[in-house]
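The structure file final-v7.cif is reproduced below (mmCIF, C-alpha atoms).
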data_protein
#
loop_
_atom_site.label_atom_id
_atom_site.label_comp_id
_atom_site.auth_asym_id
_atom_site.auth_seq_id
_atom_site.Cartn_x
_atom_site.Cartn_y
_atom_site.Cartn_z
CA MET A 5 26.01 -2.81 20.68
CA ARG A 6 24.04 -0.02 19.04
CA TRP A 7 22.82 -0.72 15.51
CA LYS A 8 23.94 1.82 12.94
CA ASN A 9 22.29 2.44 9.61
CA PRO A 10 24.63 1.13 6.85
CA TRP A 11 22.86 3.40 4.32
CA PHE A 12 23.19 6.53 6.45
CA ASN A 13 23.75 9.66 4.40
CA PRO A 14 23.96 12.82 6.53
CA LEU A 15 23.00 14.91 3.49
CA LYS A 16 19.54 13.31 3.41
CA SER A 17 17.09 14.38 6.09
CA HIS A 18 15.27 11.03 6.20
CA HIS A 19 18.51 9.12 6.91
CA GLN A 20 19.46 8.65 10.56
CA ILE A 21 22.23 6.69 12.26
CA ASP A 22 19.60 4.47 13.90
CA GLY A 23 17.39 4.05 10.84
CA PHE A 24 15.05 6.19 8.76
CA ARG A 25 12.51 8.85 9.60
CA ASN A 26 9.66 10.75 7.98
CA LEU A 27 10.10 14.19 6.49
CA GLU A 28 7.41 15.48 8.86
CA PRO A 29 7.22 14.63 12.58
CA HIS A 30 4.57 12.21 13.79
CA LEU A 31 2.00 13.26 16.36
CA ARG A 32 1.97 10.21 18.61
CA LYS A 33 3.07 10.51 22.20
CA SER A 34 4.32 8.01 24.75
CA GLY A 35 1.42 5.94 26.06
CA ASP A 36 -0.82 6.46 23.00
CA VAL A 37 -0.63 2.81 21.93
CA GLU A 38 -1.78 1.62 25.34
CA ARG A 39 -4.57 4.23 25.41
CA TRP A 40 -5.82 3.14 21.97
CA ARG A 41 -5.78 -0.56 22.85
CA LYS A 42 -7.64 0.09 26.09
CA GLU A 43 -10.34 2.22 24.40
CA ARG A 44 -10.68 -0.31 21.59
CA LYS A 45 -11.24 -3.18 24.03
CA GLU A 46 -13.69 -1.21 26.19
CA GLN A 47 -15.80 -0.23 23.18
CA GLY A 48 -15.62 -3.64 21.47
CA LEU A 49 -14.17 -2.16 18.28
CA PRO A 50 -14.22 -2.62 15.40
CA HIS A 51 -17.90 -3.35 14.92
CA PRO A 52 -18.97 -5.65 12.06
CA PRO A 53 -20.08 -3.93 8.85
CA GLY A 54 -23.76 -3.17 8.48
CA GLY A 55 -25.57 -6.39 7.64
CA GLY A 56 -22.60 -8.52 8.72
CA TYR A 57 -19.50 -9.84 7.01
CA ALA A 58 -21.31 -12.08 4.54
CA ALA A 59 -23.39 -9.17 3.28
CA PHE A 60 -20.29 -6.99 3.01
CA THR A 61 -18.52 -9.64 0.94
CA ALA A 62 -21.57 -10.04 -1.31
CA GLN A 63 -21.61 -6.29 -1.94
CA TRP A 64 -17.87 -5.57 -2.23
CA TRP A 65 -16.23 -8.75 -3.58
CA GLN A 66 -16.08 -10.59 -6.89
CA LYS A 67 -13.82 -13.14 -8.51
CA ALA A 68 -11.07 -11.45 -10.52
CA GLU A 69 -11.18 -12.23 -14.23
CA LEU A 70 -7.89 -11.91 -16.10
CA LYS A 71 -9.05 -11.35 -19.64
CA GLY A 72 -8.03 -9.22 -22.60
CA HIS A 73 -4.81 -7.48 -23.55
CA ASP A 74 -5.52 -3.81 -22.82
CA ASP A 75 -3.75 -1.72 -20.20
CA ARG A 76 -5.78 -2.41 -17.04
CA VAL A 77 -5.83 -2.28 -13.24
CA TRP A 78 -7.40 -4.88 -10.94
CA TRP A 79 -7.90 -4.02 -7.29
CA LEU A 80 -7.34 -7.27 -5.38
CA GLY A 81 -8.08 -5.93 -1.89
CA HIS A 82 -6.19 -3.90 0.70
CA ALA A 83 -3.01 -2.52 -0.96
CA THR A 84 -2.73 -5.27 -3.59
CA ALA A 85 -3.34 -4.20 -7.16
CA LEU A 86 -2.53 -5.95 -10.42
CA LEU A 87 -1.46 -3.70 -13.29
CA ARG A 88 -1.19 -4.74 -16.91
CA ILE A 89 0.91 -2.21 -18.81
CA ASN A 90 2.22 -2.80 -22.34
CA GLY A 91 1.72 -6.53 -21.88
CA ARG A 92 3.65 -6.61 -18.59
CA TYR A 93 2.00 -7.65 -15.31
CA LEU A 94 2.90 -5.91 -12.05
CA LEU A 95 1.68 -6.50 -8.49
CA THR A 96 1.73 -3.98 -5.66
CA ASP A 97 2.17 -5.23 -2.07
CA PRO A 98 0.80 -8.72 -2.77
CA VAL A 99 -0.85 -10.37 0.23
CA PHE A 100 -2.97 -13.46 -0.44
CA SER A 101 -2.58 -15.14 2.96
CA TRP A 102 -5.39 -15.44 5.50
CA ARG A 103 -3.55 -13.46 8.15
CA ALA A 104 -1.40 -10.33 8.05
CA SER A 105 0.87 -11.74 10.71
CA PRO A 106 4.07 -13.71 11.29
CA LEU A 107 1.87 -16.32 12.98
CA SER A 108 -0.64 -18.66 11.36
CA PHE A 109 -2.91 -18.67 14.42
CA ALA A 110 -2.91 -15.03 15.56
CA GLY A 111 -2.97 -11.53 14.11
CA PRO A 112 -5.33 -9.69 11.75
CA GLN A 113 -7.40 -12.18 9.78
CA ARG A 114 -8.90 -11.65 6.34
CA LYS A 115 -12.60 -10.81 6.38
CA THR A 116 -12.92 -11.10 2.59
CA PRO A 117 -11.24 -13.83 0.53
CA PRO A 118 -8.54 -13.18 -2.08
CA PRO A 119 -10.22 -12.66 -5.48
CA LEU A 120 -7.52 -14.79 -7.11
CA CYS A 121 -4.53 -16.90 -6.12
CA VAL A 122 -0.97 -16.85 -7.45
CA ASN A 123 -1.53 -20.05 -9.43
CA GLU A 124 -4.27 -18.31 -11.40
CA LEU A 125 -1.83 -15.75 -12.76
CA HIS A 126 -0.50 -16.78 -16.15
CA GLN A 127 2.22 -14.11 -16.11
CA LEU A 128 3.94 -11.89 -13.54
CA ASP A 129 6.87 -9.67 -14.39
CA ALA A 130 7.44 -7.33 -11.43
CA VAL A 131 6.37 -6.71 -7.84
CA LEU A 132 6.54 -3.36 -6.06
CA ILE A 133 6.81 -3.37 -2.27
CA SER A 134 6.07 -0.21 -0.30
CA HIS A 135 7.35 -1.33 3.13
CA ASN A 136 7.75 -4.36 5.37
CA HIS A 137 4.57 -4.44 7.48
CA TYR A 138 2.86 -7.82 7.35
CA ASP A 139 -0.23 -6.50 5.59
CA HIS A 140 2.04 -5.31 2.74
CA LEU A 141 4.92 -7.80 2.67
CA ASP A 142 3.74 -11.38 3.11
CA SER A 143 6.38 -14.09 3.18
CA ALA A 144 4.05 -16.90 2.10
CA THR A 145 2.80 -14.93 -0.89
CA VAL A 146 6.34 -14.03 -1.94
CA ARG A 147 7.34 -17.71 -1.77
CA GLN A 148 4.36 -18.65 -3.95
CA ILE A 149 5.29 -15.99 -6.49
CA ILE A 150 8.90 -17.13 -6.74
CA ARG A 151 7.95 -20.79 -7.09
CA ARG A 152 5.63 -20.00 -10.00
CA PHE A 153 7.52 -17.05 -11.53
CA PRO A 154 11.22 -17.34 -10.57
CA ASP A 155 12.24 -14.48 -12.87
CA THR A 156 9.93 -11.93 -11.23
CA HIS A 157 11.74 -8.66 -10.48
CA PHE A 158 11.10 -7.13 -7.06
CA PHE A 159 11.40 -3.38 -6.48
CA VAL A 160 11.81 -2.49 -2.81
CA PRO A 161 12.69 0.53 -0.65
CA LEU A 162 16.15 0.97 0.82
CA GLY A 163 17.12 -1.62 3.42
CA LEU A 164 14.77 -4.40 2.25
CA LYS A 165 16.84 -6.10 -0.45
CA GLN A 166 18.55 -8.43 2.02
CA TRP A 167 15.17 -9.79 3.17
CA PHE A 168 14.60 -11.03 -0.38
CA THR A 169 18.10 -12.25 -1.19
CA ARG A 170 18.11 -14.34 2.02
CA ARG A 171 15.17 -16.20 0.48
CA GLY A 172 17.09 -16.91 -2.71
CA ILE A 173 15.35 -14.25 -4.79
CA ARG A 174 17.70 -13.18 -7.58
CA HIS A 175 16.12 -10.12 -9.14
CA VAL A 176 15.78 -7.34 -6.56
CA THR A 177 16.28 -3.60 -7.05
CA GLU A 178 16.48 -1.44 -3.93
CA LEU A 179 15.84 2.30 -4.19
CA ASP A 180 15.99 5.34 -1.93
CA TRP A 181 13.46 8.16 -2.14
CA GLY A 182 13.96 10.03 -5.39
CA GLN A 183 15.86 7.25 -7.13
CA SER A 184 14.60 5.74 -10.41
CA HIS A 185 15.26 2.51 -12.25
CA SER A 186 14.48 1.74 -15.89
CA TRP A 187 13.23 -1.76 -16.61
CA GLN A 188 11.54 -3.42 -19.60
CA GLY A 189 10.51 -0.10 -21.14
CA MET A 190 9.19 1.27 -17.83
CA THR A 191 10.63 3.52 -15.13
CA PHE A 192 10.00 3.00 -11.42
CA THR A 193 10.68 5.85 -8.99
CA ALA A 194 10.55 5.55 -5.20
CA VAL A 195 8.93 8.59 -3.60
CA PRO A 196 8.38 9.60 0.04
CA ALA A 197 5.47 8.40 2.13
CA GLN A 198 4.53 9.29 5.72
CA HIS A 199 4.75 5.97 7.52
CA TRP A 200 7.20 3.65 9.32
CA SER A 201 8.58 0.12 9.14
CA MET A 202 8.87 -2.81 11.53
CA ARG A 203 8.73 -6.61 11.30
CA SER A 204 10.06 -7.50 14.74
CA PHE A 205 10.85 -5.85 18.04
CA TRP A 206 14.40 -5.22 16.86
CA ASP A 207 14.12 -3.61 13.43
CA ARG A 208 11.89 -0.54 13.79
CA ASN A 209 12.55 1.90 10.92
CA ARG A 210 15.66 0.03 9.77
CA SER A 211 14.24 -0.28 6.27
CA LEU A 212 12.59 2.53 4.37
CA TRP A 213 8.95 2.93 3.28
CA CYS A 214 7.85 4.56 0.03
CA GLY A 215 5.33 5.10 -2.71
CA TRP A 216 6.04 4.24 -6.33
CA ILE A 217 5.64 6.17 -9.57
CA ILE A 218 5.28 3.75 -12.47
CA GLU A 219 5.87 5.15 -15.94
CA GLY A 220 5.16 3.24 -19.12
CA ALA A 221 5.32 4.41 -22.70
CA SER A 222 2.07 6.38 -22.36
CA LEU A 223 0.92 6.06 -18.73
CA ARG A 224 2.03 7.43 -15.38
CA ILE A 225 0.70 5.79 -12.20
CA TRP A 226 1.27 6.60 -8.54
CA PHE A 227 0.93 3.84 -5.97
CA SER A 228 1.02 5.71 -2.67
CA GLY A 229 1.92 2.74 -0.49
CA ASP A 230 0.83 3.14 3.13
CA THR A 231 0.88 6.79 4.13
CA GLY A 232 -0.58 9.50 6.27
CA PHE A 233 -1.59 12.81 4.73
CA THR A 234 0.95 15.60 4.39
CA GLN A 235 0.85 18.86 2.46
CA THR A 236 3.89 17.78 0.43
CA LEU A 237 2.61 14.35 -0.59
CA ALA A 238 1.00 15.58 -3.82
CA GLU A 239 4.24 17.31 -4.80
CA PHE A 240 6.13 14.01 -4.61
CA ALA A 241 3.39 12.15 -6.48
CA LEU A 242 3.49 14.71 -9.31
CA SER A 243 7.29 14.97 -9.40
CA ARG A 244 7.48 13.03 -12.68
CA GLY A 245 4.48 14.75 -14.28
CA PRO A 246 0.65 14.52 -14.34
CA LEU A 247 -0.91 11.23 -13.30
CA ASP A 248 -3.17 8.95 -15.30
CA LEU A 249 -3.99 6.79 -12.27
CA ALA A 250 -3.51 7.08 -8.51
CA LEU A 251 -3.90 4.34 -5.91
CA ILE A 252 -4.69 6.16 -2.65
CA PRO A 253 -5.43 4.65 0.80
CA ILE A 254 -8.69 5.44 2.58
CA GLY A 255 -8.72 2.90 5.44
CA ALA A 256 -7.28 2.15 8.90
CA TYR A 257 -7.89 5.74 10.07
CA SER A 258 -9.93 5.39 13.27
CA PRO A 259 -9.41 6.74 15.85
CA ARG A 260 -8.05 9.71 13.96
CA TRP A 261 -6.15 11.07 16.97
CA PHE A 262 -4.01 7.94 16.90
CA MET A 263 -3.93 6.80 13.27
CA SER A 264 -3.51 10.12 11.44
CA SER A 265 0.28 10.13 11.73
CA HIS A 266 0.56 7.16 9.37
CA HIS A 267 -2.84 6.58 7.71
CA MET A 268 -5.11 9.06 5.95
CA ASP A 269 -8.87 9.14 6.27
CA PRO A 270 -11.31 9.44 3.33
CA GLN A 271 -11.66 13.20 3.77
CA GLN A 272 -7.89 13.67 3.56
CA ALA A 273 -7.80 11.33 0.55
CA VAL A 274 -10.26 13.63 -1.24
CA THR A 275 -8.12 16.67 -0.39
CA LEU A 276 -5.05 14.87 -1.76
CA TRP A 277 -6.96 13.84 -4.91
CA GLN A 278 -7.85 17.48 -5.49
CA GLN A 279 -4.21 18.50 -5.02
CA LEU A 280 -3.28 15.89 -7.64
CA ASN A 281 -5.65 17.62 -10.11
CA LYS A 282 -8.25 14.87 -9.81
CA PRO A 283 -6.76 11.97 -11.75
CA PHE A 284 -8.67 8.73 -12.05
CA THR A 285 -8.14 7.17 -8.63
CA VAL A 286 -8.75 3.77 -7.07
CA PRO A 287 -9.15 3.87 -3.27
CA ILE A 288 -7.11 1.15 -1.57
CA HIS A 289 -6.19 -0.07 1.93
CA TRP A 290 -9.69 -1.08 3.00
CA GLY A 291 -12.12 -3.98 2.81
CA VAL A 292 -9.88 -6.89 3.92
CA PHE A 293 -8.18 -6.52 7.32
CA GLU A 294 -9.55 -4.84 10.44
CA LEU A 295 -6.42 -2.89 11.36
CA ALA A 296 -8.12 0.05 13.06
CA ASP A 297 -11.44 0.89 14.73
CA GLU A 298 -13.70 1.71 11.78
CA SER A 299 -15.90 -1.06 10.40
CA LEU A 300 -15.03 -2.48 6.97
CA ASP A 301 -17.82 -0.60 5.20
CA MET A 302 -17.05 2.85 6.61
CA PRO A 303 -14.18 3.90 4.28
CA PRO A 304 -16.22 3.83 1.04
CA GLN A 305 -19.21 5.39 2.77
CA GLU A 306 -17.12 8.26 4.12
CA LEU A 307 -15.32 8.66 0.80
CA LEU A 308 -18.56 9.07 -1.16
CA ALA A 309 -19.89 11.48 1.49
CA ALA A 310 -16.69 13.55 1.32
CA LEU A 311 -16.91 13.72 -2.47
CA ASP A 312 -20.55 14.76 -2.23
CA ASP A 313 -19.67 17.45 0.33
CA ASN A 314 -17.15 18.86 -2.15
CA ASP A 315 -19.55 18.55 -5.11
CA ASP A 316 -17.01 16.36 -6.90
CA GLU A 317 -17.79 13.69 -9.45
CA SER A 318 -17.21 10.35 -7.77
CA ARG A 319 -16.77 8.60 -11.14
CA PHE A 320 -13.12 9.75 -11.05
CA PHE A 321 -12.59 8.43 -7.50
CA VAL A 322 -14.38 5.10 -7.55
CA PRO A 323 -14.59 2.54 -4.73
CA LEU A 324 -14.14 -0.69 -6.68
CA ARG A 325 -15.29 -4.12 -5.63
CA ILE A 326 -12.43 -6.36 -4.55
CA GLY A 327 -11.48 -8.21 -7.75
CA GLN A 328 -12.95 -5.59 -10.07
CA SER A 329 -10.89 -4.15 -12.94
CA LEU A 330 -10.94 -1.03 -15.06
CA PRO A 331 -9.07 -0.04 -18.22
CA LEU A 332 -6.17 2.39 -17.94
CA ILE A 333 -6.67 5.42 -20.17
CA LYS A 334 -4.14 8.14 -20.93
CA VAL A 335 -5.18 11.54 -19.55
CA ILE A 336 -5.16 14.30 -22.17
CA VAL A 337 -3.36 17.29 -20.64
#
Can you give me the file's structure in the form of structure tokens?
Amino acid sequence: MRWKNPWFNPLKSHHQIDGFRNLEPHLRKSGDVERWRKERKEQGLPHPPGGGYAAFTAQWWQKAELKGHDDRVWWLGHATALLRINGRYLLTDPVFSWRASPLSFAGPQRKTPPPLCVNELHQLDAVLISHNHYDHLDSATVRQIIRRFPDTHFFVPLGLKQWFTRRGIRHVTELDWGQSHSWQGMTFTAVPAQHWSMRSFWDRNRSLWCGWIIEGASLRIWFSGDTGFTQTLAEFALSRGPLDLALIPIGAYSPRWFMSSHHMDPQQAVTLWQQLNKPFTVPIHWGVFELADESLDMPPQELLAALDDNDDESRFFVPLRIGQSLPLIKVIV
């Protein structure tokens, strides 16, 4: 029996009977996955970072310190960020497990340790999930969160709420692209991303993927989620107004002929940052899992080179150490 999308709305271009789709077509062709895997194996990719993994960790990792009361962002590695806004604590795509996989013995393994664990959080109010891939939605981490903070509110894209309610999670809000929800003095808006979803062989694109705009009393933040570059992405990110902070991916881009449909490279990230009018930006989606062919240290190197090529000040687009934090400051427009 053919599965039909229970959320299907023929008036929305990203809704399809068999699931969801991107607003722009992807470039992959039949056989591309096999070609990539073959080339990757033949070339022994990815290579270790220069100096090895221990040297990379020494350079790009630190223990996260949860101090103070100011509005602040901590980058915790990959797509996981901790935001403190008006005394509320929010996590994006929390993954603290040692593998991004449904299996404990196989799948992408962490190359850098988590800079904190759930038990070290003294407060957690909300979690924003961009999509259901294992490097963004980790069952073990979610279970840890709910055990410690049972009142945490999860915000998820359309089609994912049932995954959480099956696990006994009570506070879940599910949104389609363009929908907003007000909560605890903040507004969360789901916005389009160029990606896909899948957790098994049977559920490809049956739940949506998204980015999130987070609006507090005086701050507006865009968490892009996992996304490829499109010319309309900046428009969606700015749909609620100018940004004070952007979290933009720069990793899992090689080989570009294969990855560009769903992941952006550092050069595209710089172009997007310029289209966003150069807000303060934290590059994410690098430094933890080897999901593509570039070595772990290539994304920040290419980002800084791209900024230099454009004569842009890198202090507004800063590769943070995993675990590092910075204060959130309102942009004067």
Item to check | Selection result of the PyMOL selection byres ((chain A and resi 98) around 7) on this file, as a ChimeraX atom specification | outcome: /A:84,95-97,99-100,140-141,145
Which residues would end up in the selection if the PyMOL selection byres ((chain A and resi 52) around 10) were applied here, given that I need the answer as a compact mmCIF listing (two decimals) with C-alpha atoms, keeping the file's coordinate frame?
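What landed in out.txt:
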# COMPACT_ATOMS: atom_id res chain seq x y z
CA LEU A 49 -14.17 -2.16 18.28
CA PRO A 50 -14.22 -2.62 15.40
CA HIS A 51 -17.90 -3.35 14.92
CA PRO A 53 -20.08 -3.93 8.85
CA GLY A 54 -23.76 -3.17 8.48
CA GLY A 55 -25.57 -6.39 7.64
CA GLY A 56 -22.60 -8.52 8.72
CA TYR A 57 -19.50 -9.84 7.01
CA PHE A 60 -20.29 -6.99 3.01
CA LYS A 115 -12.60 -10.81 6.38
CA GLU A 294 -9.55 -4.84 10.44
CA GLU A 298 -13.70 1.71 11.78
CA SER A 299 -15.90 -1.06 10.40
CA LEU A 300 -15.03 -2.48 6.97
CA ASP A 301 -17.82 -0.60 5.20
Using only C-alpha atoms, which residues of range 171-206 of chain A come within 10 Å of range 219-227 of chain A, and what is the closest atom pair for each, with the distance in Å to one decimal? Give it as a Markdown table, sorted by chain and residue number.
| residue | atom | partner | partner_atom | distance |
| --- | --- | --- | --- | --- |
| A:Ser186 | CA | A:Glu219 | CA | 9.3 |
| A:Trp187 | CA | A:Gly220 | CA | 9.8 |
| A:Gln188 | CA | A:Gly220 | CA | 9.2 |
| A:Gly189 | CA | A:Gly220 | CA | 6.6 |
| A:Met190 | CA | A:Gly220 | CA | 4.7 |
| A:Thr191 | CA | A:Glu219 | CA | 5.1 |
| A:Phe192 | CA | A:Glu219 | CA | 6.5 |
| A:Thr193 | CA | A:Glu219 | CA | 8.5 |
| A:Ala194 | CA | A:Phe227 | CA | 9.8 |
| A:Val195 | CA | A:Trp226 | CA | 9.3 |
Item to check | Straight-line distance linking CA of Met263 in chain A with CA of Ser204 in chain A, stated in Å to one decimal | outcome: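 Spanning CA of Met263 in chain A to CA of Ser204 in chain A is a straight-line distance of 20.1 Å.
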Next on the checklist: Nearest residue to Gly182 in chain A out of A:His137, A:Lys16, A:Pro253, A:Gln235, using all atoms listed in the file?
Outcome noted: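 For Gly182 in chain A, the nearest of the given residues is A:Lys16.
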Checklist entry - Rounded to one decimal in Å, what is the spacing between CA of Ala58 in chain A and CA of Leu295 in chain A? => result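 Answer for the CA of Ala58 in chain A to CA of Leu295 in chain A separation: 18.8 Å.
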